[in-house]
Amino acid sequence: MARKQQTIGVLTSGGDAPGMNAAIRAVVRTAVDLGHKVKGIRRGFTGLIEEDFIDMDAMSVSDIISRGGTILYTSRSKEFMTPEGQAKAADNCRKHGIDGVVVIGGDGSFRGAEKLAEQGIRTVAVPGTIDLDIACTEYTIGFDTAINTAMEAADKLRDTSGSHERCNVIEVMGRTAGHLALWCAIANGSEYVLLPEKFNDDEMDKLVAKVKSKHDIGKKHHIVVNAEGVGDSFEIAKYIQEHTGIETRATVIGHIQRGGSPTCRDRVYASALASRAVDLLDQGQTCRVVAFRHGHFTDYSIAEAMSMQKTIDPVLDKLIHKLSR
Ligand code: F6P
């Protein structure tokens with residue numbers, strides 16, 4: 001029996017991440033390959049409410065795999081958080097014949113996908129965030145590019161830090177999570193890393209003691225990686241300078257981490273995850289999240305995925321302490 005042709009919507013939501021375009025491309029090309037139609041939904045859930053839809057075909061995603069950002073634009077929709085907004089979004093899907101939606105974004109977007117599914121529109125979520133803060137998956141779209149950007153920035157700071165015999169605090173993104181910071185600190189051979197998950201009352205004393213001890217054995221540069229969720233890097237730099245006597249500067253690398261051409265890993269994994277999301281919609285599934293875990297591409301119900309807790313990797317956490325002695 002011939003498979004029923006579906007219309008699949010695709011949107012990107014929350015903070016953009018390098019590799020989202022590769023994911024959009026994979027959604028469109030997989031859907032077309034399976035004989036389905038595709039509608040791009042612009043500006044995330046806002047576009048669903050405002051009927052900002054475009055027809056997409058295989059050609060409309062040509063030449064985007066190497067581009068950062070998202071060609072569909074993104075937003076964090078306050079209106080979609082209301083029951084009225086969710087009902088309107090679902091009505092618009094029905095009006096435009098959209099059977100299922102691939103939602104590419106972070107955990108906030110997963111909740112959005114769950115709400116839309118409750119309104120009767122099938123959804124599959126794809127983890128897209130530089131923060132790597134989604135428990136059901138060891139990979140999220142954009143983390144690899146972002147961590148390489150942060151690593152290069154920290155390498156550059158080390159040069160100037162050494163020349164001036166200073167301490168440099170580098171602030172990386174991650175919202176309330178410290179994964180970017182921990183990876184950056186290991187990759188750059190940093191002296192210390194401040195993580196929101198582990199920050200406690202005597203952390204600043206330990207940091208000062210560490211910088212002082214390194215200085216006393218002749219170290220000429222000191223790199224401290226601060227996760228944005230810990231607090232103001234300029235205040236931290238001031239504290240270090242006051243308590244060590246070592247001139248200290250702070251650098252916030254900010255949104256640069258969200259841009260740039262995606263790495264090979266981000267392009268390949270984004271393609272694989274997004275293609276799997278379309279396969280699930282094709283099979284009639286709903287309220288799922290695609291993931292990469294224990295060495296395999298897989299998927300979970302959104303409810304199960306959201307019940308999992310992500311912690312700082314204990315192996316990497318031990319490693320930074322061991323290697324920064
Ligand atoms: O979730 C991605 C992220 O870049 C976080 O690391 C950061 O805290 C936040 O988004 C910044 O959001 P905005 O672009 O709205 O300032």
# chains A, B, ... in the order shown; residues from 1 in each chain; ligands from 1
$ residues_near_ligand --ligand "ligand 1" --cutoff "6 Å" --atoms "only C-alpha atoms and all ligand atoms" --output "list of chain:residue names"
A:Gly15, A:Thr129, A:Ile130, A:Asp131, A:Met173, A:Gly174, A:Arg175
$ write_last_selection --atoms "all heavy atoms" --output "compact mmCIF listing (two decimals), in the first residue's frame"
# COMPACT_ATOMS: atom_id res chain seq x y z
N GLY A 15 18.29 29.85 21.26
CA GLY A 15 19.55 30.39 20.75
C GLY A 15 19.99 29.64 19.51
O GLY A 15 19.91 28.41 19.46
N THR A 129 21.82 23.15 20.59
CA THR A 129 22.26 24.18 21.54
C THR A 129 23.77 24.06 21.73
O THR A 129 24.29 22.94 21.81
CB THR A 129 21.55 24.08 22.90
OG1 THR A 129 22.24 24.94 23.83
CG2 THR A 129 21.54 22.68 23.48
N ILE A 130 24.43 25.20 21.85
CA ILE A 130 25.88 25.14 22.10
C ILE A 130 26.17 24.71 23.53
O ILE A 130 27.30 24.40 23.87
CB ILE A 130 26.57 26.51 21.82
CG1 ILE A 130 26.09 27.59 22.80
CG2 ILE A 130 26.40 26.92 20.37
CD1 ILE A 130 27.01 28.81 22.84
N ASP A 131 25.15 24.69 24.40
CA ASP A 131 25.39 24.50 25.84
C ASP A 131 25.66 23.04 26.26
O ASP A 131 26.14 22.82 27.37
CB ASP A 131 24.19 25.01 26.65
CG ASP A 131 23.93 26.48 26.44
OD1 ASP A 131 24.85 27.19 26.00
OD2 ASP A 131 22.80 26.94 26.72
N MET A 173 30.06 30.89 27.39
CA MET A 173 28.61 30.76 27.56
C MET A 173 28.24 29.42 28.21
O MET A 173 29.12 28.67 28.62
CB MET A 173 27.93 30.90 26.21
CG MET A 173 27.74 32.33 25.77
SD MET A 173 26.71 32.39 24.29
CE MET A 173 26.27 34.12 24.30
N GLY A 174 26.96 29.13 28.23
CA GLY A 174 26.51 27.85 28.79
C GLY A 174 25.29 28.01 29.68
O GLY A 174 24.84 27.04 30.28
N ARG A 175 24.82 29.25 29.82
CA ARG A 175 23.67 29.55 30.69
C ARG A 175 23.96 29.02 32.09
O ARG A 175 24.94 29.45 32.69
CB ARG A 175 22.39 28.96 30.10
CG ARG A 175 21.12 29.61 30.59
CD ARG A 175 19.90 28.98 29.97
NE ARG A 175 19.78 29.26 28.56
CZ ARG A 175 19.23 30.37 28.05
NH1 ARG A 175 18.72 31.26 28.85
NH2 ARG A 175 19.18 30.57 26.76
$ select_by_dssp --residues "range 103-184 of chain A" --states "strand (DSSP E or B)" --output "PyMOL selection string"
chain A and resi 103-105+122-128+141+167-172
$ write_last_selection --atoms "N, CA, C and O atoms" --output "mmCIF file, in the first residue's frame"
data_model
loop_
_atom_site.group_PDB
_atom_site.id
_atom_site.type_symbol
_atom_site.label_atom_id
_atom_site.label_comp_id
_atom_site.auth_asym_id
_atom_site.auth_seq_id
_atom_site.Cartn_x
_atom_site.Cartn_y
_atom_site.Cartn_z
ATOM 1 N N VAL A 103 11.253 20.105 15.530
ATOM 2 C CA VAL A 103 11.621 21.281 16.335
ATOM 3 C C VAL A 103 13.110 21.172 16.677
ATOM 4 O O VAL A 103 13.529 20.256 17.384
ATOM 5 N N ILE A 104 13.909 22.103 16.171
ATOM 6 C CA ILE A 104 15.353 22.064 16.427
ATOM 7 C C ILE A 104 15.680 23.150 17.453
ATOM 8 O O ILE A 104 15.456 24.331 17.207
ATOM 9 N N GLY A 105 16.176 22.724 18.632
ATOM 10 C CA GLY A 105 16.466 23.715 19.672
ATOM 11 C C GLY A 105 16.874 23.044 20.968
ATOM 12 O O GLY A 105 17.132 21.838 21.003
ATOM 13 N N ARG A 122 1.810 16.182 15.569
ATOM 14 C CA ARG A 122 2.940 15.312 15.893
ATOM 15 C C ARG A 122 4.250 16.094 15.847
ATOM 16 O O ARG A 122 4.435 16.952 14.981
ATOM 17 N N THR A 123 5.141 15.797 16.797
ATOM 18 C CA THR A 123 6.410 16.533 16.860
ATOM 19 C C THR A 123 7.577 15.587 17.148
ATOM 20 O O THR A 123 7.419 14.586 17.852
ATOM 21 N N VAL A 124 8.734 15.938 16.617
ATOM 22 C CA VAL A 124 9.992 15.296 17.013
ATOM 23 C C VAL A 124 11.006 16.417 17.236
ATOM 24 O O VAL A 124 11.136 17.332 16.395
ATOM 25 N N ALA A 125 11.691 16.376 18.375
ATOM 26 C CA ALA A 125 12.662 17.419 18.712
ATOM 27 C C ALA A 125 14.077 16.956 18.373
ATOM 28 O O ALA A 125 14.407 15.770 18.488
ATOM 29 N N VAL A 126 14.902 17.921 17.958
ATOM 30 C CA VAL A 126 16.311 17.669 17.636
ATOM 31 C C VAL A 126 17.147 18.572 18.530
ATOM 32 O O VAL A 126 16.925 19.789 18.546
ATOM 33 N N PRO A 127 18.100 18.016 19.316
ATOM 34 C CA PRO A 127 18.847 18.848 20.268
ATOM 35 C C PRO A 127 19.818 19.805 19.573
ATOM 36 O O PRO A 127 20.817 19.389 19.003
ATOM 37 N N GLY A 128 19.490 21.088 19.621
ATOM 38 C CA GLY A 128 20.338 22.107 19.007
ATOM 39 C C GLY A 128 20.649 23.197 20.005
ATOM 40 O O GLY A 128 19.801 24.040 20.295
ATOM 41 N N ILE A 141 23.749 19.893 18.745
ATOM 42 C CA ILE A 141 24.199 20.642 17.563
ATOM 43 C C ILE A 141 24.797 21.978 17.991
ATOM 44 O O ILE A 141 24.155 22.746 18.708
ATOM 45 N N CYS A 167 47.257 37.423 34.770
ATOM 46 C CA CYS A 167 46.212 36.404 34.851
ATOM 47 C C CYS A 167 45.070 36.883 33.948
ATOM 48 O O CYS A 167 44.764 38.074 33.918
ATOM 49 N N ASN A 168 44.472 35.970 33.181
ATOM 50 C CA ASN A 168 43.319 36.324 32.347
ATOM 51 C C ASN A 168 42.138 35.427 32.689
ATOM 52 O O ASN A 168 42.275 34.198 32.689
ATOM 53 N N VAL A 169 41.003 36.082 32.925
ATOM 54 C CA VAL A 169 39.757 35.326 33.134
ATOM 55 C C VAL A 169 39.025 35.337 31.797
ATOM 56 O O VAL A 169 38.847 36.407 31.204
ATOM 57 N N ILE A 170 38.637 34.174 31.319
ATOM 58 C CA ILE A 170 37.868 34.104 30.066
ATOM 59 C C ILE A 170 36.488 33.540 30.374
ATOM 60 O O ILE A 170 36.371 32.479 30.984
ATOM 61 N N GLU A 171 35.465 34.315 29.999
ATOM 62 C CA GLU A 171 34.095 33.863 30.280
ATOM 63 C C GLU A 171 33.498 33.215 29.038
ATOM 64 O O GLU A 171 33.473 33.802 27.969
ATOM 65 N N VAL A 172 33.004 31.991 29.224
ATOM 66 C CA VAL A 172 32.342 31.284 28.129
ATOM 67 C C VAL A 172 30.850 31.153 28.441
ATOM 68 O O VAL A 172 30.422 31.289 29.585
#
$ residues_around --residues "Leu316 in chain A" --least-positions-apart "2" --cutoff "10 Å" --atoms "only C-alpha atoms" --output "list in words"
His179, Leu182, Trp183, Ile186, Ile312, Asp313, Pro314, Lys318, Leu319, Ile320, His321 and Lys322 of chain A
$ residues_around --residues "range 242-253 of chain A" --least-positions-apart "6" --cutoff "12 Å" --atoms "only C-alpha atoms" --output "PyMOL selection string"
chain A and resi 146-147+149-154+156-158+160-162+164-174+181+204-216+219-228+231-236+259
$ closest_atom_pairs --of "range 17-93 of chain A" --to "range 280-285 of chain A" --cutoff "9 Å" --atoms "only C-alpha atoms" --output "Markdown table"
| residue | atom | partner | partner_atom | distance |
| --- | --- | --- | --- | --- |
| A:Ala31 | CA | A:Asp282 | CA | 8.1 |
| A:Leu34 | CA | A:Asp282 | CA | 7.9 |
| A:His36 | CA | A:Asp282 | CA | 8.6 |
